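Data block for structure-v8.cif (mmCIF, C-alpha atoms):
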data_upload
#
loop_
_atom_site.label_atom_id
_atom_site.label_comp_id
_atom_site.auth_asym_id
_atom_site.auth_seq_id
_atom_site.Cartn_x
_atom_site.Cartn_y
_atom_site.Cartn_z
CA ALA D 259 28.49 148.52 57.86
CA THR D 260 31.88 147.97 59.40
CA PRO D 261 32.25 144.33 60.58
CA SER D 262 32.93 143.74 64.27
CA PRO D 263 36.55 142.95 65.05
CA PRO D 264 37.26 139.31 65.89
CA PRO D 265 37.70 138.42 69.57
CA PRO D 266 41.23 138.13 70.89
CA PRO D 267 42.77 134.68 70.38
CA ALA D 268 42.15 132.09 73.10
CA GLY D 269 44.80 132.07 75.81
CA SER D 270 45.98 135.58 75.10
CA ALA D 271 46.23 138.16 77.87
CA ALA D 272 43.53 140.27 76.21
CA ARG D 273 41.21 137.25 76.02
CA ARG D 274 41.81 136.40 79.69
CA LYS D 275 41.16 139.99 80.67
CA MET D 276 37.93 140.06 78.66
CA GLU D 277 36.74 136.76 80.20
CA ALA D 278 37.52 137.94 83.71
CA PHE D 279 35.59 141.14 83.09
CA ALA D 280 32.60 139.16 81.74
CA GLN D 281 32.62 136.84 84.74
CA GLY D 282 32.78 139.77 87.13
CA ALA D 283 29.91 141.47 85.35
CA LEU D 284 27.85 138.26 85.48
CA CYS D 285 28.52 137.85 89.21
CA CYS D 286 27.45 141.44 89.84
CA TYR D 287 24.35 140.91 87.71
CA GLN D 288 23.45 137.70 89.54
CA GLN D 289 23.78 139.37 92.93
CA ALA D 290 21.65 142.29 91.79
CA GLU D 291 19.00 139.98 90.31
CA ALA D 292 18.91 137.88 93.48
CA ALA D 293 18.50 141.02 95.61
CA TYR D 294 15.75 142.23 93.28
CA VAL D 295 13.85 138.94 93.61
CA GLN D 296 13.97 139.02 97.40
CA LEU D 297 12.97 142.69 97.62
CA ALA D 298 10.26 142.50 94.94
CA VAL D 299 8.70 139.39 96.49
CA ALA D 300 8.77 141.00 99.93
CA ALA D 301 7.15 144.15 98.50
CA ALA D 302 4.41 142.09 96.81
CA ILE D 303 3.67 140.33 100.08
CA ALA D 304 3.62 143.59 102.02
CA ALA D 305 1.23 145.16 99.51
CA GLY D 306 -1.32 142.40 100.16
CA GLY D 307 -4.71 142.54 98.54
CA VAL D 308 -7.21 140.20 96.91
CA ASP D 309 -7.67 139.77 93.19
CA GLY D 310 -11.16 138.99 91.85
CA ASP D 311 -14.63 139.19 93.36
CA ASP D 312 -16.78 136.40 94.80
CA ASP D 313 -17.89 135.31 91.31
CA GLU D 314 -14.36 135.18 89.89
CA ALA D 315 -12.48 132.85 92.23
CA PRO D 316 -10.80 135.51 94.43
CA THR D 317 -7.17 134.86 95.31
CA LEU D 318 -4.28 136.68 96.95
CA THR D 319 -2.65 139.21 94.62
CA LEU D 320 0.75 138.27 96.01
CA VAL D 321 0.59 134.96 94.11
CA ASP D 322 0.38 136.61 90.67
CA ASP D 323 2.85 139.33 91.64
CA CYS D 324 5.48 137.02 93.12
CA PHE D 325 5.43 134.57 90.25
CA PHE D 326 5.50 137.44 87.73
CA VAL D 327 8.71 138.61 89.41
CA THR D 328 10.33 135.17 89.47
CA HIS D 329 9.34 134.28 85.91
CA HIS D 330 10.80 137.45 84.40
CA SER D 331 13.94 137.17 86.52
CA VAL D 332 14.52 133.69 85.10
CA GLN D 333 13.97 135.01 81.56
CA ARG D 334 16.58 137.73 82.05
CA ALA D 335 19.06 135.27 83.53
CA VAL D 336 18.61 132.89 80.59
CA ARG D 337 19.23 135.74 78.15
CA SER D 338 22.59 136.36 79.85
CA GLY D 339 23.73 133.11 78.25
CA ASP D 340 25.54 131.76 81.32
CA ALA D 341 23.92 128.92 83.25
CA LYS D 342 26.65 128.48 85.86
CA LEU D 343 27.11 132.09 86.96
CA ALA D 344 23.66 133.57 86.36
CA VAL D 345 20.82 131.06 86.02
CA VAL D 346 21.53 128.29 88.53
CA PRO D 347 22.38 130.59 91.48
CA LEU D 348 19.25 132.63 90.74
CA LEU D 349 17.07 129.49 90.77
CA HIS D 350 18.21 128.74 94.32
CA GLU D 351 17.35 132.30 95.36
CA ILE D 352 13.87 131.87 93.87
CA VAL D 353 13.38 128.57 95.71
CA ASP D 354 14.34 130.31 98.97
CA ALA D 355 11.92 133.17 98.28
CA LEU D 356 9.05 130.77 97.58
CA ARG D 357 9.74 128.62 100.64
CA ASN D 358 10.61 131.34 103.13
CA LEU D 359 8.41 134.23 102.01
CA VAL D 360 5.51 133.22 99.76
CA TYR D 361 4.50 129.91 101.35
CA PRO D 362 4.50 131.19 104.97
CA LYS D 363 2.39 134.20 103.98
CA ILE D 364 -0.25 132.05 102.25
CA MET D 365 -0.41 129.61 105.15
CA GLY D 366 -0.55 132.47 107.65
CA THR D 367 -3.55 133.86 105.79
CA LEU D 368 -5.20 130.46 105.93
CA ARG D 369 -4.58 130.05 109.66
CA GLY D 370 -6.08 133.46 110.35
CA ALA D 371 -9.14 132.79 108.20
CA GLY D 372 -10.97 130.50 110.62
CA ALA D 373 -12.87 127.32 109.80
CA ALA D 374 -13.67 126.02 106.34
CA ALA D 375 -17.04 127.32 105.14
CA ALA D 376 -18.57 128.33 101.84
CA ALA D 377 -19.47 131.73 103.34
CA ASN D 378 -15.99 132.36 104.82
CA ARG D 379 -14.52 134.56 102.09
CA GLU D 380 -11.09 134.88 103.69
CA TRP D 381 -10.80 131.08 103.87
CA ILE D 382 -11.94 130.73 100.23
CA VAL D 383 -9.31 133.28 99.16
CA ALA D 384 -6.55 131.33 100.92
CA PHE D 385 -7.84 128.04 99.46
CA ASN D 386 -7.70 129.52 95.96
CA ALA D 387 -4.27 131.01 96.59
CA ILE D 388 -2.86 127.59 97.46
CA ASP D 389 -4.06 126.06 94.19
CA HIS D 390 -2.95 129.17 92.29
CA ALA D 391 0.56 128.97 93.75
CA ALA D 392 0.77 125.22 93.08
CA ALA D 393 -0.09 125.80 89.42
CA TYR D 394 2.50 128.57 89.12
CA ALA D 395 5.24 126.48 90.76
CA SER D 396 4.54 123.70 88.28
CA GLN D 397 4.64 126.16 85.36
CA LEU D 398 7.90 127.64 86.62
CA ARG D 399 9.44 124.18 86.76
CA ASP D 400 8.32 123.43 83.20
CA ARG D 401 9.63 126.73 81.82
CA VAL D 402 13.00 126.43 83.52
CA GLY D 403 13.31 122.83 82.31
CA ALA D 404 12.45 123.89 78.75
CA ALA D 405 14.98 126.75 78.92
CA PHE D 406 17.78 124.40 79.94
CA CYS D 407 16.87 121.86 77.26
CA GLY D 408 16.91 124.62 74.64
CA GLU D 409 19.74 126.90 75.75
CA PHE D 410 22.00 124.89 78.07
CA GLU D 411 21.38 121.27 77.12
CA SER D 412 24.85 120.09 78.14
CA LEU D 413 24.37 121.63 81.60
CA ALA D 414 20.77 120.47 82.14
CA GLN D 415 21.69 118.39 85.18
CA MET D 416 22.78 121.54 87.02
CA ALA D 417 19.14 122.65 87.12
CA ASP D 418 17.83 119.35 88.52
CA PRO D 419 17.98 120.31 92.23
CA ALA D 420 15.98 123.51 91.61
CA LEU D 421 13.51 121.72 89.34
CA GLU D 422 12.98 119.12 92.04
CA GLU D 423 12.36 121.89 94.59
CA PHE D 424 9.76 123.54 92.34
CA ALA D 425 8.05 120.17 91.88
CA ASN D 426 8.08 119.50 95.64
CA ILE D 427 6.60 122.93 96.36
CA SER D 428 3.80 122.28 93.87
CA ILE D 429 3.13 118.77 95.23
CA HIS D 430 3.07 119.99 98.82
CA LEU D 431 0.65 122.80 97.98
CA ARG D 432 -1.64 120.42 96.11
CA GLN D 433 -1.65 118.09 99.10
CA GLN D 434 -2.63 121.03 101.28
CA GLY D 435 -5.36 121.88 98.78
CA ALA D 436 -6.75 118.34 98.88
CA GLU D 437 -6.97 118.50 102.68
CA LEU D 438 -8.74 121.85 102.52
CA ALA D 439 -11.15 120.53 99.89
CA ALA D 440 -12.05 117.64 102.19
CA ALA D 441 -12.71 120.11 105.02
CA LEU D 442 -14.99 122.23 102.83
CA ALA D 443 -16.74 119.13 101.45
CA ALA D 444 -17.53 117.99 105.00
CA THR D 445 -19.49 121.22 105.53
CA LEU D 446 -21.58 120.45 102.42
CA LEU D 447 -22.32 116.85 103.39
CA PRO D 448 -26.11 116.31 103.76
CA THR D 449 -25.79 114.77 107.22
CA ALA D 450 -29.42 115.42 108.21
CA TRP D 451 -30.74 113.56 105.17
CA LEU D 452 -28.39 110.65 105.74
CA LEU D 453 -29.43 110.26 109.38
CA LEU D 454 -33.11 111.19 109.30
CA GLU D 455 -34.22 110.16 105.81
CA PHE D 456 -31.96 107.53 104.26
CA GLY D 457 -31.05 105.74 107.49
CA PRO D 458 -34.61 104.76 108.47
CA ALA D 459 -35.84 104.20 104.87
CA GLU D 460 -37.04 100.66 104.16
CA TYR D 461 -35.91 99.14 100.85
CA GLU D 462 -38.18 96.14 100.97
CA ILE D 463 -40.53 97.94 98.60
CA GLY D 464 -44.14 96.81 99.02
CA SER D 465 -46.09 99.33 96.98
CA GLU D 466 -45.74 102.15 94.45
CA THR D 467 -46.57 104.65 97.20
CA HIS D 468 -43.69 103.34 99.32
CA GLU D 469 -41.28 103.59 96.39
CA ALA D 470 -42.50 107.07 95.43
CA ALA D 471 -41.99 108.36 98.99
CA ILE D 472 -38.38 107.16 99.08
CA GLN D 473 -37.69 108.59 95.63
CA GLN D 474 -39.26 111.93 96.53
CA SER D 475 -37.07 112.20 99.62
CA PHE D 476 -34.00 111.42 97.51
CA ASP D 477 -34.84 113.96 94.80
CA GLU D 478 -36.10 116.82 96.96
CA LYS D 479 -34.07 116.46 100.14
CA LEU D 480 -30.76 115.21 98.76
CA LEU D 481 -30.20 115.91 95.06
CA ALA D 482 -31.72 119.39 94.86
CA PRO D 483 -30.17 120.80 98.08
CA LEU D 484 -26.82 119.20 97.26
CA ASP D 485 -26.77 120.72 93.79
CA ASP D 486 -27.72 124.11 95.25
CA ALA D 487 -24.94 123.89 97.85
CA ILE D 488 -22.30 123.09 95.23
CA GLY D 489 -23.70 125.71 92.89
CA SER D 490 -23.49 128.40 95.54
CA VAL D 491 -19.80 127.85 96.29
CA ALA D 492 -18.47 126.81 92.85
CA PRO D 493 -18.30 130.33 91.32
CA SER D 494 -15.97 131.48 94.09
CA LEU D 495 -13.53 128.60 93.58
CA ARG D 496 -10.84 127.99 90.99
CA GLU D 497 -11.80 125.19 88.62
CA ALA D 498 -9.25 122.79 90.08
CA ASN D 499 -10.64 123.46 93.55
CA VAL D 500 -14.20 122.79 92.38
CA ASP D 501 -13.03 119.38 91.16
CA LEU D 502 -11.27 118.71 94.47
CA VAL D 503 -14.32 119.65 96.53
CA VAL D 504 -16.74 117.63 94.39
CA GLY D 505 -14.40 114.64 94.50
CA ALA D 506 -14.01 114.86 98.28
CA LEU D 507 -17.76 115.28 98.72
CA ALA D 508 -18.38 112.25 96.50
CA GLU D 509 -15.94 110.18 98.55
CA LEU D 510 -17.52 111.17 101.88
CA LEU D 511 -21.06 110.68 100.61
CA ALA D 512 -20.36 107.33 98.95
CA ALA D 513 -18.70 106.00 102.12
CA GLN D 514 -21.64 107.00 104.33
CA LEU D 515 -24.20 105.67 101.87
CA GLU D 516 -22.33 102.37 101.65
CA GLU D 517 -22.25 102.03 105.43
CA ALA D 518 -25.96 102.86 105.75
CA SER D 519 -26.89 100.58 102.83
CA ARG D 520 -25.28 97.62 104.59
CA GLN D 521 -27.72 98.06 107.51
CA LYS D 522 -30.81 97.50 105.33
CA SER D 523 -32.57 94.58 103.73
CA TYR D 524 -33.75 94.61 100.12
CA ASN D 525 -36.20 92.90 97.85
CA GLU D 526 -35.83 93.05 94.06
CA LEU D 527 -37.62 96.40 93.73
CA GLY D 528 -35.60 97.92 96.58
CA ALA D 529 -32.31 96.80 94.98
CA LEU D 530 -33.38 98.35 91.67
CA LEU D 531 -34.32 101.60 93.40
CA LEU D 532 -30.98 101.83 95.21
CA SER D 533 -29.10 101.19 91.97
CA GLU D 534 -31.02 103.97 90.22
CA GLN D 535 -30.37 106.39 93.08
CA VAL D 536 -26.65 105.65 93.11
CA ARG D 537 -26.48 106.27 89.35
CA LYS D 538 -28.40 109.56 89.58
CA LEU D 539 -26.25 110.80 92.46
CA SER D 540 -23.02 109.90 90.65
CA ASP D 541 -24.23 111.64 87.50
CA ALA D 542 -25.31 114.74 89.43
CA LEU D 543 -21.92 115.12 91.12
CA SER D 544 -20.01 114.40 87.91
CA SER D 545 -21.98 117.16 86.17
CA ARG D 546 -20.52 119.64 88.68
CA SER D 547 -16.94 118.59 87.95
CA SER D 548 -14.71 118.68 84.89
CA GLY D 549 -14.09 114.98 85.45
CA SER D 550 -16.06 112.11 86.93
CA VAL D 551 -16.71 110.70 90.40
CA ARG D 552 -16.70 107.15 89.03
CA HIS D 553 -13.69 106.24 91.15
CA GLN D 554 -15.14 107.63 94.39
CA PHE D 555 -18.41 105.77 93.76
CA GLY D 556 -16.68 102.53 92.79
CA ARG D 557 -17.54 100.48 95.87
CA LEU D 558 -21.06 101.87 96.23
CA THR D 559 -21.80 101.25 92.54
CA HIS D 560 -20.49 97.72 92.87
CA LEU D 561 -22.60 97.14 95.98
CA ALA D 562 -25.74 98.20 94.08
CA PHE D 563 -24.73 96.00 91.13
CA VAL D 564 -24.24 92.95 93.33
CA LEU D 565 -27.61 93.50 95.00
CA ASN D 566 -29.29 93.33 91.59
CA VAL D 567 -28.12 89.87 90.48
CA GLY D 568 -31.01 87.69 89.36
CA SER D 569 -30.04 84.51 91.18
CA LEU D 570 -27.41 82.91 93.39
CA GLN D 571 -26.09 80.97 90.40
CA GLU D 572 -25.56 84.25 88.55
CA ALA D 573 -23.89 85.70 91.64
CA ALA D 574 -21.51 82.73 91.94
CA ALA D 575 -20.52 82.98 88.28
CA LEU D 576 -19.99 86.72 88.66
CA LEU D 577 -17.84 86.42 91.76
CA MET D 578 -15.66 83.70 90.27
CA SER D 579 -15.13 85.38 86.89
CA THR D 580 -14.87 89.16 87.34
CA MET D 581 -13.96 90.02 90.92
CA GLY D 582 -10.23 89.87 90.26
CA ALA D 583 -10.12 92.67 87.69
CA ALA D 584 -7.86 95.47 88.96
CA VAL D 585 -6.91 97.42 85.87
CA LYS D 586 -8.69 98.27 82.67
CA GLY D 587 -6.87 99.60 79.64
CA GLY D 588 -3.85 100.56 81.72
CA GLU D 589 -5.96 102.70 84.04
CA ALA D 590 -6.68 101.73 87.62
CA ALA D 591 -10.24 100.47 87.89
CA PRO D 592 -12.56 101.97 90.52
CA PRO D 593 -12.39 100.20 93.91
CA ARG D 594 -14.69 97.21 94.27
CA LEU D 595 -16.01 94.99 97.02
CA SER D 596 -14.00 91.91 97.83
CA ARG D 597 -15.64 88.54 97.23
CA ALA D 598 -16.29 88.13 100.95
CA GLU D 599 -17.89 91.58 101.14
CA ALA D 600 -20.01 90.86 98.07
CA VAL D 601 -21.34 87.68 99.66
CA ARG D 602 -22.32 89.60 102.79
CA VAL D 603 -24.09 92.16 100.60
CA LEU D 604 -26.00 89.36 98.85
CA GLY D 605 -27.23 88.30 102.28
CA LEU D 606 -29.16 91.59 102.43
CA ARG D 607 -31.48 90.37 99.65
CA VAL D 608 -34.49 88.76 101.35
CA GLU D 609 -34.97 86.32 98.46
CA PHE D 610 -31.49 84.78 98.75
CA ASN D 611 -30.09 82.11 101.06
CA VAL D 612 -26.39 82.88 101.22
CA ALA D 613 -25.63 79.46 102.71
CA GLU D 614 -26.35 78.00 99.28
CA LEU D 615 -23.88 80.43 97.71
CA ARG D 616 -21.18 79.42 100.19
CA GLU D 617 -21.65 75.80 99.15
CA MET D 618 -21.00 76.81 95.53
CA MET D 619 -17.78 78.59 96.55
CA PRO D 620 -15.84 76.33 98.98
CA ASP D 621 -12.75 78.60 98.93
CA LEU D 622 -14.73 81.56 100.28
CA ALA D 623 -14.25 80.62 103.96
CA GLU D 624 -10.48 80.95 103.66
CA GLU D 625 -10.79 84.38 102.04
CA GLU D 626 -13.17 85.57 104.76
CA ALA D 627 -10.75 84.36 107.45
CA GLU D 628 -7.92 86.33 105.82
CA GLU D 629 -10.06 89.48 105.70
CA GLU D 630 -11.03 89.08 109.34
CA ALA D 631 -7.37 88.66 110.33
CA LYS D 632 -6.41 91.84 108.47
CA ARG D 633 -9.27 93.74 110.08
CA ALA D 634 -8.24 92.57 113.54
CA GLU D 635 -4.64 93.57 112.87
CA LYS D 636 -5.70 97.11 111.92
CA GLU D 637 -7.58 97.43 115.20
CA LEU D 638 -4.53 96.60 117.33
CA PRO D 639 -3.49 99.56 119.51
CA TRP D 640 0.19 99.37 118.46
#
Please rewrite the model in this file as structure tokens.
Amino acid sequence: ATPSPPPPPAGSAARRKMEAFAQGALCCYQQAEAAYVQLAVAAAIAAGGVDGDDDEAPTLTLVDDCFFVTHHSVQRAVRSGDAKLAVVPLLHEIVDALRNLVYPKIMGTLRGAGAAAAANREWIVAFNAIDHAAAYASQLRDRVGAAFCGEFESLAQMADPALEEFANISIHLRQQGAELAAALAATLLPTAWLLLEFGPAEYEIGSETHEAAIQQSFDEKLLAPLDDAIGSVAPSLREANVDLVVGALAELLAAQLEEASRQKSYNELGALLLSEQVRKLSDALSSRSSGSVRHQFGRLTHLAFVLNVGSLQEAAALLMSTMGAAVKGGEAAPPRLSRAEAVRVLGLRVEFNVAELREMMPDLAEEEAEEEAKRAEKELPW
């Protein structure tokens, strides 16, 4: 094979002419690619449609189509070999297309879908589309970053503004998804059981029949219906959205159970029963998620633990030795009751005289005063 002729020497008229031609060609290519992105994204949005049925996490087809277009446009620009003239300008065009075309269309679909509900398919589709788009924006950021590290390492900083935009789009969409998950979780909250069953239930257990009745209500009117409700909506949600909904539901449920639990009084058997119910509920919700609801149940679990101390002396030792722990193994520990809150919880045990505990902990009054001052400050109207 005949070898290719060497390029003209640097600085020569032929070399300058060749470089000018290459730059012109790259500019024309970049303008054509940018126009293609805008037109292809607009066509994908106009085509509309839903991908997947109710058992396969349906989402808007425009999400797959638009990110397919942007991903392959970036690949072609990278293959051009010029970051300044081809890749970086195209990234800004893609950011504009995502912000000005894709995002408004998804949010418009959501606004037109009505209220959050497991049976509202249009709302579920928009909810899934938001998570889907957030995942794609994050992937696009990672792929562009990897391309610059591999192909244009010396110019990597030029991609930073676009990478930051992709990250911000993903973060914003995930924040939207978390809010939507909370709205859907609120529709699954077993409000009737909380008000009509758990609220009036007495946890000063006096007989096996009394205990069995409370446990039956918990198993049959809370756990089973709650599991059915999650099970009915989970197949129609993306996995990340299932985790968000279960987490939001756990947070709402734990907060309401904590508030209701503080209105009761307990003997030893009642405290044991509450602790067992909290554990079973936490396990049931965690089984419906790829993670755990340990964090959401942190305060409620701690409340049940405090209620089950064997004596005031044990309680005092516990409060003085372990209440300050905030992190464990570099990971944030689940939220816990403050010492002042724990003492008030101990006052719910009919066997305990909290005045004796206060005498064992003379610094407690100052801590309670600080908590009360903070609470009063939060309630100020300004």
Evaluate the PyMOL selection byres ((chain D and resi 444) around 10) here and jot the selected residues down as a PDB file with C-alpha atoms, in the coordinates of the input.
ATOM      1  CA  ALA D 374     -13.670 126.020 106.340  1.00  0.00           C
ATOM      2  CA  ALA D 375     -17.040 127.320 105.140  1.00  0.00           C
ATOM      3  CA  LEU D 438      -8.740 121.850 102.520  1.00  0.00           C
ATOM      4  CA  ALA D 439     -11.150 120.530  99.890  1.00  0.00           C
ATOM      5  CA  ALA D 440     -12.050 117.640 102.190  1.00  0.00           C
ATOM      6  CA  ALA D 441     -12.710 120.110 105.020  1.00  0.00           C
ATOM      7  CA  LEU D 442     -14.990 122.230 102.830  1.00  0.00           C
ATOM      8  CA  ALA D 443     -16.740 119.130 101.450  1.00  0.00           C
ATOM      9  CA  THR D 445     -19.490 121.220 105.530  1.00  0.00           C
ATOM     10  CA  LEU D 446     -21.580 120.450 102.420  1.00  0.00           C
ATOM     11  CA  LEU D 447     -22.320 116.850 103.390  1.00  0.00           C
ATOM     12  CA  PRO D 448     -26.110 116.310 103.760  1.00  0.00           C
ATOM     13  CA  THR D 449     -25.790 114.770 107.220  1.00  0.00           C
ATOM     14  CA  VAL D 503     -14.320 119.650  96.530  1.00  0.00           C
ATOM     15  CA  ALA D 506     -14.010 114.860  98.280  1.00  0.00           C
ATOM     16  CA  LEU D 507     -17.760 115.280  98.720  1.00  0.00           C
ATOM     17  CA  LEU D 510     -17.520 111.170 101.880  1.00  0.00           C
ATOM     18  CA  LEU D 511     -21.060 110.680 100.610  1.00  0.00           C
TER      19      LEU D 511
END
| request: Carefully work through the PyMOL selection byres ((chain D and resi 494) around 12) for this structure and note down the residues it includes, as a PyMOL selection string. | output: chain D and resi 309-317+375-387+488-493+495-500
Could you write those residues out with C-alpha atoms, as a PDB file, in the coordinates of the input?
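Result written to again37.pdb:
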ATOM      1  CA  ASP D 309      -7.670 139.770  93.190  1.00  0.00           C
ATOM      2  CA  GLY D 310     -11.160 138.990  91.850  1.00  0.00           C
ATOM      3  CA  ASP D 311     -14.630 139.190  93.360  1.00  0.00           C
ATOM      4  CA  ASP D 312     -16.780 136.400  94.800  1.00  0.00           C
ATOM      5  CA  ASP D 313     -17.890 135.310  91.310  1.00  0.00           C
ATOM      6  CA  GLU D 314     -14.360 135.180  89.890  1.00  0.00           C
ATOM      7  CA  ALA D 315     -12.480 132.850  92.230  1.00  0.00           C
ATOM      8  CA  PRO D 316     -10.800 135.510  94.430  1.00  0.00           C
ATOM      9  CA  THR D 317      -7.170 134.860  95.310  1.00  0.00           C
ATOM     10  CA  ALA D 375     -17.040 127.320 105.140  1.00  0.00           C
ATOM     11  CA  ALA D 376     -18.570 128.330 101.840  1.00  0.00           C
ATOM     12  CA  ALA D 377     -19.470 131.730 103.340  1.00  0.00           C
ATOM     13  CA  ASN D 378     -15.990 132.360 104.820  1.00  0.00           C
ATOM     14  CA  ARG D 379     -14.520 134.560 102.090  1.00  0.00           C
ATOM     15  CA  GLU D 380     -11.090 134.880 103.690  1.00  0.00           C
ATOM     16  CA  TRP D 381     -10.800 131.080 103.870  1.00  0.00           C
ATOM     17  CA  ILE D 382     -11.940 130.730 100.230  1.00  0.00           C
ATOM     18  CA  VAL D 383      -9.310 133.280  99.160  1.00  0.00           C
ATOM     19  CA  ALA D 384      -6.550 131.330 100.920  1.00  0.00           C
ATOM     20  CA  PHE D 385      -7.840 128.040  99.460  1.00  0.00           C
ATOM     21  CA  ASN D 386      -7.700 129.520  95.960  1.00  0.00           C
ATOM     22  CA  ALA D 387      -4.270 131.010  96.590  1.00  0.00           C
ATOM     23  CA  ILE D 488     -22.300 123.090  95.230  1.00  0.00           C
ATOM     24  CA  GLY D 489     -23.700 125.710  92.890  1.00  0.00           C
ATOM     25  CA  SER D 490     -23.490 128.400  95.540  1.00  0.00           C
ATOM     26  CA  VAL D 491     -19.800 127.850  96.290  1.00  0.00           C
ATOM     27  CA  ALA D 492     -18.470 126.810  92.850  1.00  0.00           C
ATOM     28  CA  PRO D 493     -18.300 130.330  91.320  1.00  0.00           C
ATOM     29  CA  LEU D 495     -13.530 128.600  93.580  1.00  0.00           C
ATOM     30  CA  ARG D 496     -10.840 127.990  90.990  1.00  0.00           C
ATOM     31  CA  GLU D 497     -11.800 125.190  88.620  1.00  0.00           C
ATOM     32  CA  ALA D 498      -9.250 122.790  90.080  1.00  0.00           C
ATOM     33  CA  ASN D 499     -10.640 123.460  93.550  1.00  0.00           C
ATOM     34  CA  VAL D 500     -14.200 122.790  92.380  1.00  0.00           C
TER      35      VAL D 500
END
| task | Check the smallest atom-to-atom distance from each of D:Ala414, D:Ala290, D:Ala278, D:Ala436 to Lys342 in chain D using only C-alpha atoms, then report the winner. | result |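 Of D:Ala414, D:Ala290, D:Ala278, D:Ala436, the one nearest Lys342 in chain D is D:Ala414, counting only C-alpha atoms.
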With all atoms of range 359-364 of chain D from the file as input, state the centre and edge lengths in Å to one decimal of the axis-aligned box that has 4 Å extra on each side, as lines of an AutoDock Vina configuration file.
center_x = 4.1
center_y = 132.1
center_z = 102.4
size_x = 16.7
size_y = 12.3
size_z = 13.2
| Which is closest to Val608 in chain D among D:Glu526, D:Glu423, D:Glu635, D:Glu630, if we use all atoms listed in the file? |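 Closest to Val608 in chain D, using all atoms listed in the file: D:Glu526.
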| Best match for closeness to Ser396 in chain D among D:Leu368, D:Leu431, D:Ala487, D:Ala298, counting only C-alpha atoms |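 Ranking D:Leu368, D:Leu431, D:Ala487, D:Ala298 by distance to Ser396 in chain D, first place goes to D:Leu431.
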| message | So the first atom is CA of Glu626 in chain D and the second is CA of Gln514 in chain D; what is the distance between them in Å, to one decimal place? | response | 23.0 Å
| request: Using all atoms listed in the file, find the one residue out of D:Ala305, D:Leu606, D:Met619, D:Met416 that sits nearest to Leu576 in chain D. | output: D:Met619
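Minimum atom-to-atom distance to Leu348 in chain D, evaluated using all atoms listed in the file, belongs to D:Gln296 out of D:Asn426, D:Ser533, D:Gln474, D:Gln296.
The residues returned by the PyMOL selection byres ((chain D and resi 469) around 12) for this structure are Ala459, Glu460, Tyr461, Glu462, Ile463, Gly464, Ser465, Glu466, Thr467, His468, Ala470, Ala471, Ile472, Gln473, Gln474, Ser475, Phe476, Asn525, Leu527, Gly528, Ala529, Leu530, Leu531, Leu532, Glu534 and Gln535 of chain D.
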